[in-house]
Number of protein chains: 2
Amino acid sequence: MKFDTAGLQAFVAVVEHGSFSKAATALFITQAGLSRRLKNLETQLGVVLIERTTRTWRLSQVGHGFLPRAQRLLSDINNAFHEVRDTSRLDQAEVGIACVSSVASHLLPRIVSHYTQRFPRNRLRLFDAAAHEVTDAVLSKRADIGITVLPAPLRGIEAAPLLHDPFVLVCRDDHKLKSKKEVRWRELRNESLILLSHGTGSGLYFDRAVAELNIVLPRTYEVLHPTSALGLVNEGLGAAILPNLILFRDAYPRIRAVPLVGPVVRRQIALIHPQDVTLTVAARGLATIVKEVFAAWTRSSRQARRH
Amino acid sequence: MKFDTAGLQAFVAVVEHGSFSKAATALFITQAGLSRRLKNLETQLGVVLIERTTRTWRLSQVGHGFLPRAQRLLSDINNAFHEVRDTSRLDQAEVGIACVSSVASHLLPRIVSHYTQRFPRNRLRLFDAAAHEVTDAVLSKRADIGITVLPAPLRGIEAAPLLHDPFVLVCRDDHKLKSKKEVRWRELRNESLILLSHGTGSGLYFDRAVAELNIVLPRTYEVLHPTSALGLVNEGLGAAILPNLILFRDAYPRIRAVPLVGPVVRRQIALIHPQDVTLTVAARGLATIVKEVFAAWTRSSRQARRH
DNA sequence: GCGATTTATGCGGCTGGCGCAACAGGCATG
DNA sequence: CATGCCTGTTGCGCCAGCCGCATAAATCGC
């Protein structure tokens, strides 16, 4: 007999969040997946826990009785697992993550929040750094894992891809290209452009990629930090080409992003860790959360683009 | 976070049974599988629960503390799941199984014992019958599921193979063929043979198979029931050809089984159920247990043959 | 030492679960 | 009453993880 704890979590999450979709997001899966988990549990139990139409749902008689029990069960298991983890390595319960700044400012907060919620007793060390510094930090073991831009140049590093981050055209809402569905690189020849300078990690990668397109872009402005670029755009000094991940939704209400195609140029964001040592439990937990947060973000941004 | 209840079961089972292999058997998996489950759990927890050499093991400090907790957890989950199942259908908590007698006398007890242990509140109806009666019982819904010999002749029946049961030569320990590793059909021409009569399910099937071999076997004795055949063999009246499954280990200490080859003739045992209705929860539980018991028996008999 | 016994591991196959996308049923708004 | 939107369901294809098998490795008894 295999007990479907995932199903239990689904059941409890639906009730606690009040909706399938919200519960799914909280569990880092799609709504479809959650629907199936719950169904499986119900099949296994031979019982309907939640009576649902396509639009509303309510607990069944049995479900109502089972809910507190399920909650209790889950929290028991949770506690048991965590206590075992904690008792064993109070000393190792510190984990470091190095992260390129573009991600650091955007997704890292979410990661941290989930991590501290799930491992309340562990301490988290954060390194916000440029791409090559991230690799250094991981290799020298100052950080357990890192989030950086591929290609990761060094041996001794294991990398797992997290996200393809396309470069997009960033412009203010009064820019002539703002309402296009997509812009081709060739259309940018006579634009006033703000680019990242060669010094930065993404800048270097970007330059190489553009060189292959046989296009010379006007380098009207060149900045070291993406946020400066956003500042310039906001002042109406031109359009910038930046990785999509940089854009904080709502930070600059007047700023728009337009996909750049022909071809799409992306940078690859990846999770890296040393090859030679196995990760500590704390680090593995963190890595899992990183992957989940990125997966969820990928999904949600894909959805956002569609609407 | 997905909780590894299978790992918990593995851990507890090892301690309770005192050995990996025994625990594995009890959980209906191989020793290798169990070893991996435990390892996975330990990795997930970041803790060694059982310190082991290849030959001995003992609980680690942490494992010792965790054991009662794990047991408690499992029994809680168990109870919760079962109570929900039970509350929902006190009326349906009765399940019938029809079974050919060769299996009934041998494996059915094991199945029943596991079932009542796992579903203590459910009642079990047993039909011990000949092959065609089993099919009848299932079709007429007198039984929820059946165990019979293929080919199952009828439509409206869904069959899942359980076991290839080879015919073997059964002889007493003073028989001249007793110590051969295997016996070819041709060698039996001048033996005194005890066969099942055409009337029985396996007998019919057996006759057809033998006819295809272009061999005429001496029908010295012909009996209706396998146990009678065993009795005759035990009296030294000849050798019998019977499905392997018939042999109760240790029932007749002087009786040996020798594989019959050139070619191997098998009968196929299968689990059947009606095609048109979905099984009740109770019936599905029983079906699962049937499959597990057969799988375990297949493995153990294969091992036994190897040694 | 050497065989027997018990756990660990590399490998291949398969199943279950997931995401995706299309669908279906309700509810709101006009 | 029609139309569109919102939410849960379902078919499909894919992939990771798990299992069994075979074999290795390690230890104990003799």
# chains A, B, ... in the order shown; residues from 1 in each chain; ligands from 1
$ closest_atom_pairs --of "chain B" --to "chain C" --cutoff "10 Å" --atoms "only C-alpha atoms (C1' of nucleotides)" --output "tab-separated table"
residue	atom	partner	partner_atom	distance
B:Ser19	CA	C:DT6	C1'	8.8
B:Phe20	CA	C:DT7	C1'	7.9
B:Ser21	CA	C:DT6	C1'	8.3
B:Gln31	CA	C:DT7	C1'	8.4
B:Ala32	CA	C:DA8	C1'	7.9
B:Ser35	CA	C:DT7	C1'	7.6
B:Arg36	CA	C:DA8	C1'	8.8
B:Arg52	CA	C:DT7	C1'	8.2
B:Thr53	CA	C:DT7	C1'	7.3
B:Thr54	CA	C:DT7	C1'	4.5
B:Arg55	CA	C:DT6	C1'	5.0
B:Thr56	CA	C:DT6	C1'	8.0
B:Trp57	CA	C:DT7	C1'	9.7
$ residues_around --residues "Leu108 in chain B" --least-positions-apart "6" --cutoff "12 Å" --atoms "only C-alpha atoms (C1' of nucleotides)" --output "PDB file with C-alpha atoms, in the first residue's frame"
ATOM      1  CA  ILE B  97     -13.541 -14.057  -5.451  1.00  0.00           C
ATOM      2  CA  ALA B  98     -13.876 -17.202  -7.531  1.00  0.00           C
ATOM      3  CA  CYS B  99     -10.842 -19.357  -7.939  1.00  0.00           C
ATOM      4  CA  VAL B 100      -9.804 -22.602  -9.602  1.00  0.00           C
ATOM      5  CA  SER B 101      -9.167 -25.173  -6.963  1.00  0.00           C
ATOM      6  CA  SER B 102      -5.477 -25.659  -7.609  1.00  0.00           C
ATOM      7  CA  HIS B 114      -3.351 -10.446   3.609  1.00  0.00           C
ATOM      8  CA  TYR B 115      -6.749  -9.144   2.703  1.00  0.00           C
ATOM      9  CA  LEU B 124     -14.774 -11.967   1.803  1.00  0.00           C
ATOM     10  CA  ARG B 125     -16.787 -14.564  -0.091  1.00  0.00           C
ATOM     11  CA  LEU B 126     -14.822 -17.425  -1.589  1.00  0.00           C
ATOM     12  CA  PHE B 127     -15.816 -19.678  -4.490  1.00  0.00           C
ATOM     13  CA  ASP B 128     -13.660 -22.676  -5.014  1.00  0.00           C
ATOM     14  CA  GLY B 146     -11.812 -14.565 -10.473  1.00  0.00           C
ATOM     15  CA  ILE B 147      -8.611 -16.499 -10.809  1.00  0.00           C
ATOM     16  CA  LEU B 245       1.446 -24.726  -8.719  1.00  0.00           C
ATOM     17  CA  LEU B 286      -8.404  -7.541  -3.398  1.00  0.00           C
ATOM     18  CA  ILE B 289      -3.332  -8.162  -3.274  1.00  0.00           C
ATOM     19  CA  VAL B 290      -3.845 -11.074  -5.623  1.00  0.00           C
ATOM     20  CA  LYS B 291      -1.314  -9.618  -8.025  1.00  0.00           C
ATOM     21  CA  VAL B 293       0.880 -12.469  -3.851  1.00  0.00           C
ATOM     22  CA  PHE B 294       1.334 -14.014  -7.278  1.00  0.00           C
ATOM     23  CA  TRP B 297       5.291 -16.369  -5.368  1.00  0.00           C
TER      24      TRP B 297
END
$ interface_residues --of "chain A" --to "chain B" --cutoff "9 Å" --atoms "only C-alpha atoms" --output "PyMOL selection string"
chain A and resi 1-6+9+27+43-47+62-63+65-66+69-70+73+76-78+80-82+84-85+87-89+280-282
$ write_last_selection --atoms "N, CA and C atoms" --output "CSV table (one decimal), in the first residue's frame"
chain,number,residue,atom,x,y,z
A,1,MET,N,0.8,-1.2,0.0
A,1,MET,CA,0.0,0.0,0.0
A,1,MET,C,0.9,1.3,0.0
A,2,LYS,N,0.7,2.1,-1.0
A,2,LYS,CA,1.4,3.3,-1.0
A,2,LYS,C,0.5,4.4,-0.7
A,3,PHE,N,0.8,5.3,0.2
A,3,PHE,CA,-0.1,6.3,0.6
A,3,PHE,C,0.2,7.6,-0.2
A,4,ASP,N,-0.9,8.1,-0.6
A,4,ASP,CA,-0.8,9.3,-1.6
A,4,ASP,C,-0.8,10.6,-0.8
A,5,THR,N,0.4,10.9,-0.3
A,5,THR,CA,0.5,12.2,0.5
A,5,THR,C,0.3,13.4,-0.4
A,6,ALA,N,0.7,13.2,-1.7
A,6,ALA,CA,0.5,14.3,-2.6
A,6,ALA,C,-1.0,14.6,-2.7
A,9,GLN,N,-2.1,16.5,0.3
A,9,GLN,CA,-1.7,17.9,0.2
A,9,GLN,C,-2.7,18.7,-0.8
A,27,LEU,N,1.4,24.7,-4.7
A,27,LEU,CA,2.1,23.4,-4.7
A,27,LEU,C,3.1,23.3,-5.9
A,43,THR,N,-10.2,8.4,-5.8
A,43,THR,CA,-10.4,7.0,-6.3
A,43,THR,C,-9.8,6.0,-5.3
A,44,GLN,N,-8.6,6.3,-4.8
A,44,GLN,CA,-8.0,5.4,-3.9
A,44,GLN,C,-8.9,5.2,-2.6
A,45,LEU,N,-9.5,6.3,-2.2
A,45,LEU,CA,-10.3,6.2,-1.0
A,45,LEU,C,-11.7,5.6,-1.4
A,46,GLY,N,-12.1,5.7,-2.6
A,46,GLY,CA,-13.4,5.3,-3.0
A,46,GLY,C,-14.5,6.2,-2.5
A,47,VAL,N,-14.1,7.5,-2.5
A,47,VAL,CA,-15.0,8.4,-1.8
A,47,VAL,C,-14.9,9.8,-2.5
A,62,VAL,N,-18.3,13.4,3.7
A,62,VAL,CA,-17.1,12.6,4.1
A,62,VAL,C,-15.9,13.6,4.1
A,63,GLY,N,-15.8,14.4,3.1
A,63,GLY,CA,-14.6,15.3,3.0
A,63,GLY,C,-14.6,16.2,4.2
A,65,GLY,N,-15.5,15.6,7.2
A,65,GLY,CA,-15.0,14.8,8.3
A,65,GLY,C,-13.5,14.5,8.1
A,66,PHE,N,-13.1,14.4,6.9
A,66,PHE,CA,-11.7,13.9,6.7
A,66,PHE,C,-10.7,15.1,6.7
A,69,ARG,N,-8.5,15.6,9.8
A,69,ARG,CA,-7.7,14.5,9.9
A,69,ARG,C,-6.5,14.6,8.9
A,70,ALA,N,-6.8,15.0,7.7
A,70,ALA,CA,-5.8,15.1,6.7
A,70,ALA,C,-4.8,16.2,7.1
A,73,LEU,N,-2.6,14.8,9.8
A,73,LEU,CA,-1.6,13.9,9.2
A,73,LEU,C,-0.5,14.6,8.6
A,76,ASP,N,1.8,16.3,11.0
A,76,ASP,CA,2.6,15.3,11.8
A,76,ASP,C,3.8,14.9,10.9
A,77,ILE,N,3.5,14.5,9.7
A,77,ILE,CA,4.6,14.0,8.8
A,77,ILE,C,5.6,15.1,8.7
A,78,ASN,N,5.1,16.3,8.4
A,78,ASN,CA,6.0,17.5,8.2
A,78,ASN,C,6.9,17.6,9.4
A,80,ALA,N,7.7,15.5,11.8
A,80,ALA,CA,8.6,14.4,12.0
A,80,ALA,C,9.8,14.5,11.0
A,81,PHE,N,9.5,14.8,9.8
A,81,PHE,CA,10.6,14.9,8.8
A,81,PHE,C,11.5,16.0,9.2
A,82,HIS,N,11.0,17.2,9.5
A,82,HIS,CA,11.8,18.3,9.8
A,82,HIS,C,12.6,18.1,11.0
A,84,VAL,N,13.7,15.4,12.3
A,84,VAL,CA,14.8,14.5,12.0
A,84,VAL,C,15.9,15.2,11.3
A,85,ARG,N,15.5,16.0,10.3
A,85,ARG,CA,16.6,16.8,9.6
A,85,ARG,C,17.3,17.7,10.5
A,87,THR,N,17.6,17.8,13.9
A,87,THR,CA,18.5,17.2,15.0
A,87,THR,C,19.8,16.7,14.5
A,88,SER,N,19.8,16.3,13.2
A,88,SER,CA,21.1,15.7,12.7
A,88,SER,C,22.1,16.7,12.4
A,89,ARG,N,21.7,17.9,12.0
A,89,ARG,CA,22.8,18.8,11.5
A,89,ARG,C,22.5,20.2,11.8
A,280,THR,N,24.7,19.3,0.6
A,280,THR,CA,24.1,19.1,1.9
A,280,THR,C,22.6,19.1,1.7
A,281,VAL,N,21.9,18.5,2.7
A,281,VAL,CA,20.5,18.5,2.6
A,281,VAL,C,19.9,19.8,2.5
A,282,ALA,N,20.4,20.8,3.3
A,282,ALA,CA,19.9,22.1,3.2
A,282,ALA,C,20.1,22.7,1.8
$ select_by_dssp --residues "range 30-160 of chain A" --states "alpha helix (DSSP H)" --output "ChimeraX atom specification"
/A:31-45,61-88,101-106,108-118,131-139
$ closest_atom_pairs --of "chain D" --to "chain A" --cutoff "8 Å" --atoms "only C-alpha atoms (C1' of nucleotides)" --output "Markdown table"
| residue | atom | partner | partner_atom | distance |
| --- | --- | --- | --- | --- |
| D:DC6 | C1' | A:Arg55 | CA | 7.8 |
| D:DT7 | C1' | A:Arg55 | CA | 5.3 |
| D:DG8 | C1' | A:Thr54 | CA | 4.7 |
| D:DT9 | C1' | A:Ser35 | CA | 7.9 |
$ write_last_selection --atoms "C-alpha atoms (C1' of nucleotides)" --output "mmCIF file, in the first residue's frame"
data_model
loop_
_atom_site.group_PDB
_atom_site.id
_atom_site.type_symbol
_atom_site.label_atom_id
_atom_site.label_comp_id
_atom_site.auth_asym_id
_atom_site.auth_seq_id
_atom_site.Cartn_x
_atom_site.Cartn_y
_atom_site.Cartn_z
ATOM 1 C "C1'" DC D 6 -13.907 31.736 -15.981
ATOM 2 C "C1'" DT D 7 -12.853 27.343 -13.852
ATOM 3 C "C1'" DG D 8 -12.359 22.464 -13.667
ATOM 4 C "C1'" DT D 9 -11.731 18.089 -16.718
#
$ atom_distance --atom1 "CA of Gly236 in chain A" --atom2 "CA of Leu260 in chain A"
19.6 Å
$ atom_distance --atom1 "CA of Val149 in chain B" --atom2 "CA of Thr25 in chain B"
25.8 Å
$ atom_distance --atom1 "CA of Leu162 in chain B" --atom2 "CA of Ser113 in chain B"
18.9 Å
$ closest_residue --among "B:Ala26, B:Val261, B:Val95, B:Leu213" --to "Ala287 in chain B" --atoms "only C-alpha atoms"
B:Val95
$ residues_around --residues "Ile272 in chain B" --least-positions-apart "5" --cutoff "7 Å" --atoms "only C-alpha atoms (C1' of nucleotides)" --output "list of chain:residue names"
B:Ile145, B:Gly146, B:Ile147, B:Ile157, B:Glu158, B:Ala159, B:Ala160
$ write_last_selection --atoms "C-alpha atoms" --output "short mmCIF file (atom, residue, chain, number, x, y, z; two decimals), in the first residue's frame"
data_model
loop_
_atom_site.label_atom_id
_atom_site.label_comp_id
_atom_site.auth_asym_id
_atom_site.auth_seq_id
_atom_site.Cartn_x
_atom_site.Cartn_y
_atom_site.Cartn_z
CA ILE B 145 -13.10 -11.13 -9.59
CA GLY B 146 -11.81 -14.56 -10.47
CA ILE B 147 -8.61 -16.50 -10.81
CA ILE B 157 -14.31 -10.66 -19.44
CA GLU B 158 -11.15 -8.71 -18.92
CA ALA B 159 -8.12 -10.81 -18.06
CA ALA B 160 -4.75 -9.84 -16.63
#
